[in-house]
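Below is the file model.tsv, which contains TSV, C-alpha atoms.
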chain	number	residue	atom	x	y	z
A	1	MET	CA	-2.13	-165.23	201.00
A	2	ASP	CA	-3.12	-168.89	200.69
A	3	ASP	CA	-0.65	-171.23	199.13
A	4	VAL	CA	-2.36	-171.87	195.80
A	5	LYS	CA	-0.30	-174.10	193.55
A	6	PRO	CA	-0.95	-174.73	189.88
A	7	PRO	CA	-2.39	-178.19	189.19
A	8	ALA	CA	-0.18	-180.96	187.89
A	9	ARG	CA	-0.30	-180.94	184.13
A	10	GLU	CA	1.04	-182.69	181.08
A	11	THR	CA	3.98	-181.21	179.25
A	12	MET	CA	3.67	-180.34	175.59
A	13	SER	CA	3.49	-183.50	173.51
A	14	PRO	CA	6.93	-184.47	172.11
A	15	SER	CA	5.55	-184.62	168.58
A	16	ARG	CA	4.13	-181.07	168.79
A	17	LEU	CA	7.38	-179.82	170.30
A	18	ALA	CA	9.38	-181.54	167.55
A	19	GLN	CA	7.09	-180.02	164.92
A	20	PHE	CA	7.54	-176.57	166.50
A	21	GLU	CA	11.33	-176.99	166.53
A	22	ALA	CA	11.26	-178.03	162.89
A	23	GLU	CA	9.13	-175.00	161.97
A	24	VAL	CA	11.49	-172.70	163.86
A	25	THR	CA	14.55	-174.26	162.18
A	26	LYS	CA	13.24	-173.69	158.68
A	27	MET	CA	11.92	-170.20	159.48
A	28	ARG	CA	13.46	-167.45	157.38
A	29	VAL	CA	14.77	-164.71	159.61
A	30	SER	CA	15.46	-161.38	157.99
A	31	GLY	CA	17.05	-159.89	161.11
A	32	GLY	CA	15.05	-156.77	160.32
A	33	GLY	CA	15.62	-153.52	162.13
A	34	ALA	CA	13.37	-151.92	164.72
A	35	ASN	CA	11.71	-149.72	162.09
A	36	PRO	CA	12.56	-151.10	158.63
A	37	GLU	CA	10.25	-148.82	156.63
A	38	ARG	CA	11.58	-145.65	158.19
A	39	THR	CA	15.17	-146.81	157.57
A	40	ALA	CA	14.37	-147.75	153.97
A	41	ALA	CA	12.60	-144.40	153.38
A	42	ARG	CA	15.70	-142.59	154.64
A	43	VAL	CA	17.94	-144.71	152.41
A	44	GLY	CA	15.62	-143.80	149.51
A	45	ILE	CA	15.92	-140.07	150.19
A	46	GLY	CA	19.71	-140.40	150.57
A	47	LEU	CA	19.98	-142.25	147.27
A	48	THR	CA	17.85	-139.62	145.50
A	49	VAL	CA	19.99	-136.76	146.80
A	50	LEU	CA	23.20	-138.64	145.95
A	51	GLY	CA	21.86	-139.36	142.44
A	52	PHE	CA	21.14	-135.66	141.83
A	53	VAL	CA	24.60	-134.72	143.13
A	54	VAL	CA	26.24	-137.26	140.76
A	55	ALA	CA	24.13	-135.95	137.87
A	56	PHE	CA	25.02	-132.33	138.68
A	57	ILE	CA	28.76	-133.09	138.95
A	58	SER	CA	28.57	-134.97	135.63
A	59	TRP	CA	26.84	-132.01	133.99
A	60	TRP	CA	29.53	-129.66	135.39
A	61	SER	CA	32.27	-131.99	134.11
A	62	ALA	CA	30.65	-132.17	130.68
A	63	TYR	CA	30.29	-128.35	130.60
A	64	ASN	CA	34.00	-127.94	131.26
A	65	ALA	CA	35.14	-130.93	129.20
A	66	GLY	CA	37.75	-130.44	126.51
A	67	THR	CA	37.04	-133.52	124.38
A	68	PHE	CA	33.99	-135.46	123.13
A	69	GLU	CA	35.33	-138.52	124.96
A	70	ASP	CA	35.09	-136.68	128.30
A	71	ILE	CA	31.60	-135.47	127.45
A	72	HIS	CA	30.47	-139.04	126.69
A	73	ARG	CA	32.00	-140.26	129.96
A	74	ALA	CA	30.24	-137.49	131.90
A	75	ALA	CA	26.95	-138.29	130.14
A	76	ILE	CA	27.21	-141.93	131.25
A	77	PHE	CA	27.82	-140.82	134.87
A	78	ALA	CA	24.91	-138.39	134.60
A	79	LEU	CA	22.64	-141.26	133.50
A	80	ILE	CA	23.85	-143.34	136.44
A	81	GLY	CA	23.09	-140.39	138.76
A	82	VAL	CA	19.58	-139.97	137.33
A	83	GLY	CA	19.04	-143.74	137.67
A	84	MET	CA	20.13	-143.61	141.33
A	85	ALA	CA	17.74	-140.71	141.97
A	86	LEU	CA	14.91	-142.62	140.31
A	87	VAL	CA	15.53	-145.83	142.27
A	88	GLY	CA	15.86	-143.78	145.50
A	89	ALA	CA	12.54	-142.04	144.84
A	90	ILE	CA	10.82	-145.40	144.22
A	91	ILE	CA	12.25	-146.85	147.46
A	92	TRP	CA	11.14	-143.76	149.39
A	93	LEU	CA	7.64	-143.83	147.85
A	94	ARG	CA	7.13	-147.56	148.44
A	95	ASN	CA	8.14	-147.40	152.11
A	96	SER	CA	6.33	-144.15	152.86
A	97	LEU	CA	3.15	-145.62	151.36
A	98	THR	CA	3.54	-148.79	153.44
A	99	ARG	CA	3.89	-146.74	156.63
A	100	TYR	CA	0.89	-144.59	155.73
A	101	LEU	CA	-1.33	-147.54	154.76
A	102	ARG	CA	-0.45	-149.39	157.96
A	103	TYR	CA	-1.44	-146.33	160.00
A	104	TRP	CA	-4.61	-145.95	157.93
A	105	ILE	CA	-5.75	-149.57	158.38
A	106	ILE	CA	-5.14	-149.45	162.15
A	107	ARG	CA	-7.13	-146.23	162.35
A	108	LEU	CA	-9.92	-147.83	160.33
A	109	VAL	CA	-10.10	-150.81	162.70
A	110	TYR	CA	-10.25	-148.51	165.75
A	111	GLU	CA	-12.93	-146.33	164.16
A	112	GLN	CA	-14.99	-149.42	163.36
A	113	ARG	CA	-14.69	-150.56	166.96
A	114	GLU	CA	-15.78	-147.17	168.27
A	115	GLN	CA	-18.70	-147.17	165.84
A	116	THR	CA	-19.76	-150.65	167.00
A	117	ASP	CA	-19.48	-149.55	170.65
A	118	ARG	CA	-21.69	-146.51	169.98
A	119	LEU	CA	-24.30	-148.66	168.21
A	120	LEU	CA	-24.34	-151.19	171.05
A	121	GLU	CA	-24.60	-148.41	173.63
A	122	ARG	CA	-27.63	-146.94	171.85
A	123	ARG	CA	-29.21	-150.39	171.52
A	124	ASP	CA	-28.64	-151.16	175.22
A	125	ASN	CA	-30.05	-147.78	176.25
A	126	GLY	CA	-33.22	-148.54	174.26
A	127	HIS	CA	-32.81	-145.79	171.61
B	1	MET	CA	14.19	-183.15	163.08
B	2	MET	CA	14.26	-185.28	166.24
B	3	THR	CA	13.63	-183.69	169.58
B	4	ASN	CA	16.14	-184.52	172.24
B	5	PRO	CA	14.13	-184.78	175.49
B	6	ALA	CA	17.04	-183.45	177.53
B	7	PHE	CA	17.35	-180.47	175.19
B	8	ALA	CA	13.59	-179.90	175.40
B	9	ALA	CA	13.76	-179.98	179.17
B	10	ARG	CA	16.38	-177.28	179.56
B	11	THR	CA	16.01	-175.09	176.47
B	12	PRO	CA	13.12	-172.65	176.74
B	13	VAL	CA	10.60	-172.77	173.92
B	14	LEU	CA	10.54	-168.98	174.02
B	15	GLU	CA	13.18	-166.70	175.46
B	16	LEU	CA	13.82	-162.97	175.51
B	17	VAL	CA	17.45	-162.06	176.07
B	18	ALA	CA	18.36	-158.54	177.26
B	19	VAL	CA	15.63	-157.03	175.11
B	20	HIS	CA	15.47	-153.27	174.59
B	21	ALA	CA	12.47	-152.15	172.57
B	22	GLY	CA	9.98	-149.34	172.22
B	23	TYR	CA	8.06	-147.14	169.86
B	24	GLY	CA	10.02	-144.76	167.64
B	25	ARG	CA	12.59	-143.00	169.81
B	26	ILE	CA	10.92	-143.94	173.08
B	27	ASP	CA	12.40	-147.04	174.71
B	28	VAL	CA	9.89	-148.95	176.83
B	29	LEU	CA	11.84	-152.11	177.60
B	30	HIS	CA	15.25	-151.70	179.22
B	31	GLY	CA	16.81	-155.16	179.19
B	32	VAL	CA	14.09	-157.78	179.61
B	33	ASP	CA	15.12	-161.38	180.26
B	34	LEU	CA	12.37	-163.97	180.22
B	35	ALA	CA	12.31	-167.73	179.67
B	36	LEU	CA	9.23	-169.84	178.98
B	37	HIS	CA	9.78	-173.59	179.08
B	38	ALA	CA	7.73	-176.30	177.38
B	39	GLY	CA	4.43	-176.90	179.14
B	40	GLU	CA	4.97	-173.98	181.51
B	41	VAL	CA	2.61	-171.11	182.31
B	42	TYR	CA	4.46	-167.84	182.93
B	43	ALA	CA	2.51	-164.85	184.28
B	44	LEU	CA	3.92	-161.43	183.58
B	45	LEU	CA	2.48	-159.01	186.12
B	46	GLY	CA	2.82	-155.29	186.48
B	47	PRO	CA	1.01	-151.95	186.55
B	48	ASN	CA	-0.12	-149.97	183.52
B	49	GLY	CA	2.76	-148.68	181.43
B	50	ALA	CA	5.30	-151.16	182.80
B	51	GLY	CA	5.96	-152.61	179.36
B	52	LYS	CA	4.02	-155.90	179.57
B	53	SER	CA	2.20	-155.56	176.26
B	54	THR	CA	5.39	-154.35	174.57
B	55	THR	CA	7.10	-157.51	175.85
B	56	LEU	CA	4.32	-159.56	174.29
B	57	GLY	CA	4.72	-157.54	171.09
B	58	VAL	CA	8.41	-158.51	170.97
B	59	ALA	CA	7.63	-162.17	171.76
B	60	SER	CA	5.14	-162.30	168.89
B	61	GLY	CA	7.44	-160.53	166.43
B	62	GLN	CA	5.21	-157.46	166.10
B	63	ILE	CA	7.87	-155.24	167.64
B	64	VAL	CA	11.50	-155.75	166.63
B	65	PRO	CA	13.86	-155.07	169.54
B	66	SER	CA	16.44	-152.31	169.12
B	67	SER	CA	18.90	-154.63	170.91
B	68	GLY	CA	18.76	-158.05	172.50
B	69	GLY	CA	17.11	-161.11	171.00
B	70	LEU	CA	14.09	-163.34	170.67
B	71	MET	CA	14.91	-167.05	170.82
B	72	LEU	CA	12.63	-169.97	169.98
B	73	CYS	CA	13.85	-173.45	170.99
B	74	GLY	CA	17.35	-171.98	171.27
B	75	ARG	CA	17.36	-170.41	167.78
B	76	ASP	CA	17.72	-166.66	167.42
B	77	VAL	CA	14.67	-165.52	165.45
B	78	THR	CA	14.99	-161.78	166.13
B	79	GLY	CA	13.49	-159.91	163.20
B	80	ALA	CA	11.33	-162.81	162.00
B	81	ALA	CA	8.01	-161.66	160.57
B	82	PRO	CA	5.05	-162.00	162.97
B	83	ASP	CA	3.11	-164.08	160.41
B	84	ALA	CA	6.05	-166.50	160.15
B	85	LEU	CA	6.07	-166.84	163.95
B	86	ALA	CA	2.29	-167.37	163.95
B	87	ARG	CA	2.59	-170.05	161.28
B	88	ALA	CA	5.31	-171.77	163.33
B	89	GLY	CA	2.99	-171.87	166.35
B	90	VAL	CA	3.36	-168.64	168.35
B	91	CYS	CA	-0.16	-167.29	168.68
B	92	VAL	CA	-1.45	-164.16	170.40
B	93	VAL	CA	-4.73	-163.43	172.14
B	94	PRO	CA	-4.49	-159.64	172.07
B	95	GLU	CA	-5.56	-157.15	174.71
B	96	GLY	CA	-9.19	-156.01	174.57
B	97	ARG	CA	-10.93	-157.41	171.55
B	98	GLY	CA	-8.64	-158.95	169.01
B	99	ILE	CA	-11.43	-159.70	166.60
B	100	PHE	CA	-12.94	-158.22	163.45
B	101	PRO	CA	-16.16	-156.59	164.74
B	102	ASN	CA	-17.80	-156.29	161.33
B	103	LEU	CA	-17.34	-159.98	160.47
B	104	THR	CA	-19.44	-162.83	161.80
B	105	VAL	CA	-18.10	-165.34	164.32
B	106	ALA	CA	-17.68	-167.92	161.54
B	107	GLU	CA	-15.84	-165.41	159.33
B	108	ASN	CA	-13.53	-164.52	162.23
B	109	LEU	CA	-12.73	-168.21	162.67
B	110	ARG	CA	-12.10	-168.50	158.93
B	111	MET	CA	-9.25	-166.03	159.48
B	112	ALA	CA	-7.47	-168.80	161.42
B	113	THR	CA	-7.12	-170.88	158.26
B	114	PHE	CA	-3.98	-168.90	157.34
B	115	THR	CA	-1.86	-171.74	158.74
B	116	GLY	CA	-3.25	-174.07	156.10
B	117	MET	CA	-5.85	-175.73	158.36
B	118	ARG	CA	-9.24	-176.43	156.81
B	119	TYR	CA	-12.17	-174.37	158.03
B	120	PRO	CA	-14.23	-177.41	159.21
B	121	ASP	CA	-11.30	-178.44	161.45
B	122	VAL	CA	-10.89	-174.90	162.78
B	123	SER	CA	-14.59	-174.49	163.55
B	124	ALA	CA	-14.91	-177.98	165.06
B	125	ARG	CA	-12.02	-177.29	167.42
B	126	ALA	CA	-13.32	-173.83	168.33
B	127	PHE	CA	-16.90	-174.96	168.95
B	128	THR	CA	-15.76	-177.93	171.03
B	129	GLN	CA	-13.81	-175.67	173.35
B	130	PHE	CA	-16.32	-172.83	173.35
B	131	PRO	CA	-19.79	-174.32	172.64
B	132	ARG	CA	-21.45	-170.94	173.15
B	133	LEU	CA	-19.81	-169.67	169.96
B	134	ARG	CA	-21.62	-172.34	167.90
B	135	ASP	CA	-24.97	-170.67	168.67
B	136	ARG	CA	-23.54	-167.30	167.73
B	137	ARG	CA	-21.68	-168.34	164.58
B	138	ARG	CA	-23.79	-166.16	162.25
B	139	GLN	CA	-23.78	-163.16	164.61
B	140	MET	CA	-21.59	-160.10	163.97
B	141	ALA	CA	-18.61	-160.44	166.30
B	142	GLY	CA	-18.88	-156.80	167.40
B	143	THR	CA	-22.34	-157.45	168.87
B	144	LEU	CA	-21.13	-160.28	171.14
B	145	SER	CA	-20.67	-159.61	174.84
B	146	GLY	CA	-17.14	-158.71	175.99
B	147	GLY	CA	-16.56	-162.21	177.38
B	148	GLU	CA	-17.77	-163.87	174.20
B	149	GLN	CA	-15.50	-161.64	172.13
B	150	GLN	CA	-12.55	-162.75	174.25
B	151	MET	CA	-13.66	-166.37	173.83
B	152	LEU	CA	-13.70	-165.84	170.08
B	153	ALA	CA	-10.19	-164.36	170.16
B	154	MET	CA	-9.00	-167.35	172.20
B	155	ALA	CA	-10.86	-169.84	169.99
B	156	ARG	CA	-9.23	-168.35	166.89
B	157	ALA	CA	-5.76	-168.62	168.44
B	158	LEU	CA	-6.28	-172.16	169.75
B	159	ALA	CA	-7.82	-173.41	166.53
B	160	THR	CA	-4.42	-173.20	164.85
B	161	ASP	CA	-2.90	-175.71	167.32
B	162	PRO	CA	-0.28	-173.30	168.71
B	163	ALA	CA	2.87	-174.41	170.51
B	164	VAL	CA	3.15	-171.15	172.46
B	165	LEU	CA	0.17	-169.02	173.44
B	166	LEU	CA	0.61	-165.36	174.36
B	167	VAL	CA	-2.35	-163.92	176.26
B	168	ASP	CA	-2.61	-160.17	176.85
B	169	GLU	CA	-4.77	-158.98	179.78
B	170	LEU	CA	-7.69	-161.33	179.39
B	171	SER	CA	-9.52	-159.63	182.26
B	172	MET	CA	-9.47	-156.11	180.83
B	173	GLY	CA	-12.89	-154.46	181.02
B	174	LEU	CA	-14.73	-157.67	181.89
B	175	ALA	CA	-16.91	-158.59	184.87
B	176	PRO	CA	-15.16	-160.80	187.48
B	177	ILE	CA	-17.52	-163.72	186.80
B	178	VAL	CA	-16.68	-163.60	183.08
B	179	VAL	CA	-12.97	-163.39	183.88
B	180	ASP	CA	-13.27	-166.49	186.09
B	181	GLU	CA	-14.97	-168.34	183.25
B	182	LEU	CA	-12.25	-167.34	180.78
B	183	TYR	CA	-9.50	-168.38	183.16
B	184	ASP	CA	-11.23	-171.75	183.61
B	185	HIS	CA	-10.66	-172.21	179.89
B	186	VAL	CA	-7.02	-171.11	180.27
B	187	ARG	CA	-6.64	-173.64	183.11
B	188	GLN	CA	-7.93	-176.43	180.82
B	189	ILE	CA	-5.63	-175.34	178.00
B	190	ALA	CA	-2.65	-175.21	180.37
B	191	ALA	CA	-3.50	-178.69	181.69
B	192	ALA	CA	-3.15	-180.01	178.14
B	193	GLY	CA	0.50	-178.94	178.21
B	194	LEU	CA	0.55	-175.79	176.10
B	195	SER	CA	3.26	-173.23	176.93
B	196	ILE	CA	1.51	-170.00	177.88
B	197	LEU	CA	2.76	-166.50	178.60
B	198	ILE	CA	0.00	-164.50	180.30
B	199	VAL	CA	0.13	-160.78	180.85
B	200	GLU	CA	-2.03	-159.56	183.73
B	201	GLN	CA	-2.26	-156.61	186.08
B	202	PHE	CA	-3.45	-158.50	189.13
B	203	VAL	CA	-2.07	-161.68	190.60
B	204	HIS	CA	-5.32	-163.19	191.90
B	205	GLU	CA	-6.47	-163.81	188.32
B	206	ILE	CA	-3.67	-166.25	187.64
B	207	LEU	CA	-3.26	-167.84	191.08
B	208	GLY	CA	-3.46	-171.59	190.66
B	209	ILE	CA	-2.70	-171.37	186.94
B	210	ALA	CA	0.81	-169.97	186.53
B	211	ASP	CA	3.94	-171.91	187.46
B	212	VAL	CA	6.19	-168.87	187.37
B	213	ALA	CA	5.46	-165.18	187.64
B	214	GLY	CA	7.52	-162.10	186.94
B	215	ILE	CA	6.82	-158.58	188.14
B	216	MET	CA	7.56	-155.97	185.53
B	217	LEU	CA	8.27	-152.39	186.56
B	218	HIS	CA	9.59	-149.56	184.39
B	219	GLY	CA	10.50	-151.83	181.49
B	220	ARG	CA	12.37	-154.45	183.51
B	221	ILE	CA	11.40	-157.72	185.17
B	222	GLU	CA	12.30	-156.86	188.74
B	223	HIS	CA	11.20	-160.04	190.55
B	224	THR	CA	10.64	-163.63	189.49
B	225	GLY	CA	9.16	-166.48	191.49
B	226	SER	CA	6.02	-168.51	192.05
B	227	THR	CA	2.72	-166.60	192.06
B	228	THR	CA	2.27	-167.21	195.80
B	229	GLU	CA	5.75	-165.90	196.54
B	230	LEU	CA	5.10	-162.72	194.61
B	231	ALA	CA	1.46	-162.13	195.52
B	232	ASP	CA	2.08	-160.54	198.93
B	233	GLY	CA	4.71	-158.15	197.69
B	234	LEU	CA	2.92	-157.15	194.51
B	235	ALA	CA	1.00	-154.19	195.90
B	236	SER	CA	4.09	-152.65	197.48
B	237	ALA	CA	6.04	-153.24	194.28
B	238	TYR	CA	3.34	-151.42	192.29
B	239	LEU	CA	3.46	-148.53	194.73
B	240	GLY	CA	7.21	-148.27	194.44
B	241	GLY	CA	8.08	-149.92	197.73
B	242	LYS	CA	10.69	-152.61	198.29
B	243	HIS	CA	9.57	-156.11	197.52

Could you write out this structure as structure tokens?
Amino acid sequence: MDDVKPPARETMSPSRLAQFEAEVTKMRVSGGGANPERTAARVGIGLTVLGFVVAFISWWSAYNAGTFEDIHRAAIFALIGVGMALVGAIIWLRNSLTRYLRYWIIRLVYEQREQTDRLLERRDNGH
Amino acid sequence: MMTNPAFAARTPVLELVAVHAGYGRIDVLHGVDLALHAGEVYALLGPNGAGKSTTLGVASGQIVPSSGGLMLCGRDVTGAAPDALARAGVCVVPEGRGIFPNLTVAENLRMATFTGMRYPDVSARAFTQFPRLRDRRRQMAGTLSGGEQQMLAMARALATDPAVLLVDELSMGLAPIVVDELYDHVRQIAAAGLSILIVEQFVHEILGIADVAGIMLHGRIEHTGSTTELADGLASAYLGGKH
């Protein structure tokens, strides 16, 4: 193979490089995981299940309670459990929807491309 | 923030450090190390399925590595959102046609105003570099020829004044004469000092453009050197022979 070398060229202008460095420095990095929506959806399911367990245990405690004070305490824990289940369900729903909508929009783009290709093919073939 | 020239000279503008990444449970990259310095053109070569596009996905923030890191100017930005990276100046020219086929050329270019640039500036820059697009500005992008669609994708990326340009298989599905024309544009862009990471299957496309080349096989960069050094051994590397 011939010895083909790249031509001599300028380096990136110092001002552009400085601007890039500044942009990178102020960039917010979440340190997100490899699949944040899937992880969050799992956390949501876990929280929902945990919430129901807390609510069930609270109901069981209230059922076997000897005093009104214990029943009130169990009722508060039951409310916390129901709240956890509700928050977990919202987290699961939000992240599942995000995953589904992302898949849907990608599919839409690909279908549009295929449609355009078919139209062009018919036009080029004189149909 | 002041740029220290010595720092700029030795710290890569973009670096992948021991990156493992993939799709779901399937790992595609198994420890990729790559460094792109300011003003450098790095060609990432390899056969289909080697992990080149996945590497570009990690570099652009579209794929978050399961381990390892993405560094920009020495700062660990692993997990940064792809739009944040794009706003900072890391722009991608995606494989195939990275355009909106049902929008006009002008509307596609308008998409590049996300960085805050005004549309007249974006279009002026795009039409100066690719005059052919000016005549087609009211045409649906999907009805352009393959080469013109690639030009549009490049024009949209360049219009945002990127600091790092990531180019994924520019030659895919295009006639050799069109590929030559596109790479002439890349040569001009590289001459202006932009840092470019090009993914390609075949070395002859980027001969005379790239300063450094890496051969990627089975999710790892197996060989690094100048394009001429690697060109002769590329075929045997693809076929599984010793380089």

Query - Using all atoms listed in the file: which of B:Ala155, B:Ala163, B:Ile177, B:Val122 has the shortest distance to Arg87 (chain B) - result: B:Ala163

Requested in this report: Give the residues of chain B that lie within 9 Å of chain A; count all atoms listed in the file, and format the answer as a ChimeraX atom specification.
Outcome: /B:1-5,8,13,21-24,38-40,63-67,72-73,75-81,84-85,87-89,100-102,142-143,161-163,187,190-195,207-211,226-229,231-232

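Proximity to region 49-66 of chain A at 8 Å, evaluated using all atoms listed in the file and with sequence-adjacent residues fewer than 6 positions away removed, yields A:His72, A:Ala74, A:Ala75, A:Phe77, A:Ala78, A:Leu79, A:Ile80, A:Gly81, A:Val82, A:Gly83, A:Met84, A:Ala85, A:Leu86.
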
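Between CA of Thr104 (chain B) and CA of Asp124 (chain A) the interatomic distance comes to 20.0 Å.
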
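Nearest to Asp121 (chain B) of all the residues B:Leu158, B:Leu45, B:Gln139, B:Gln150 is B:Leu158, based on all atoms listed in the file.
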
**Report entry** Nearby residues (only C-alpha atoms) at most 12 Å from Asp180 (chain B), same-chain spacing under 3 positions excluded, as a PyMOL selection string
**Finding:** chain B and resi 147+170-171+174-177+183-187+204-209
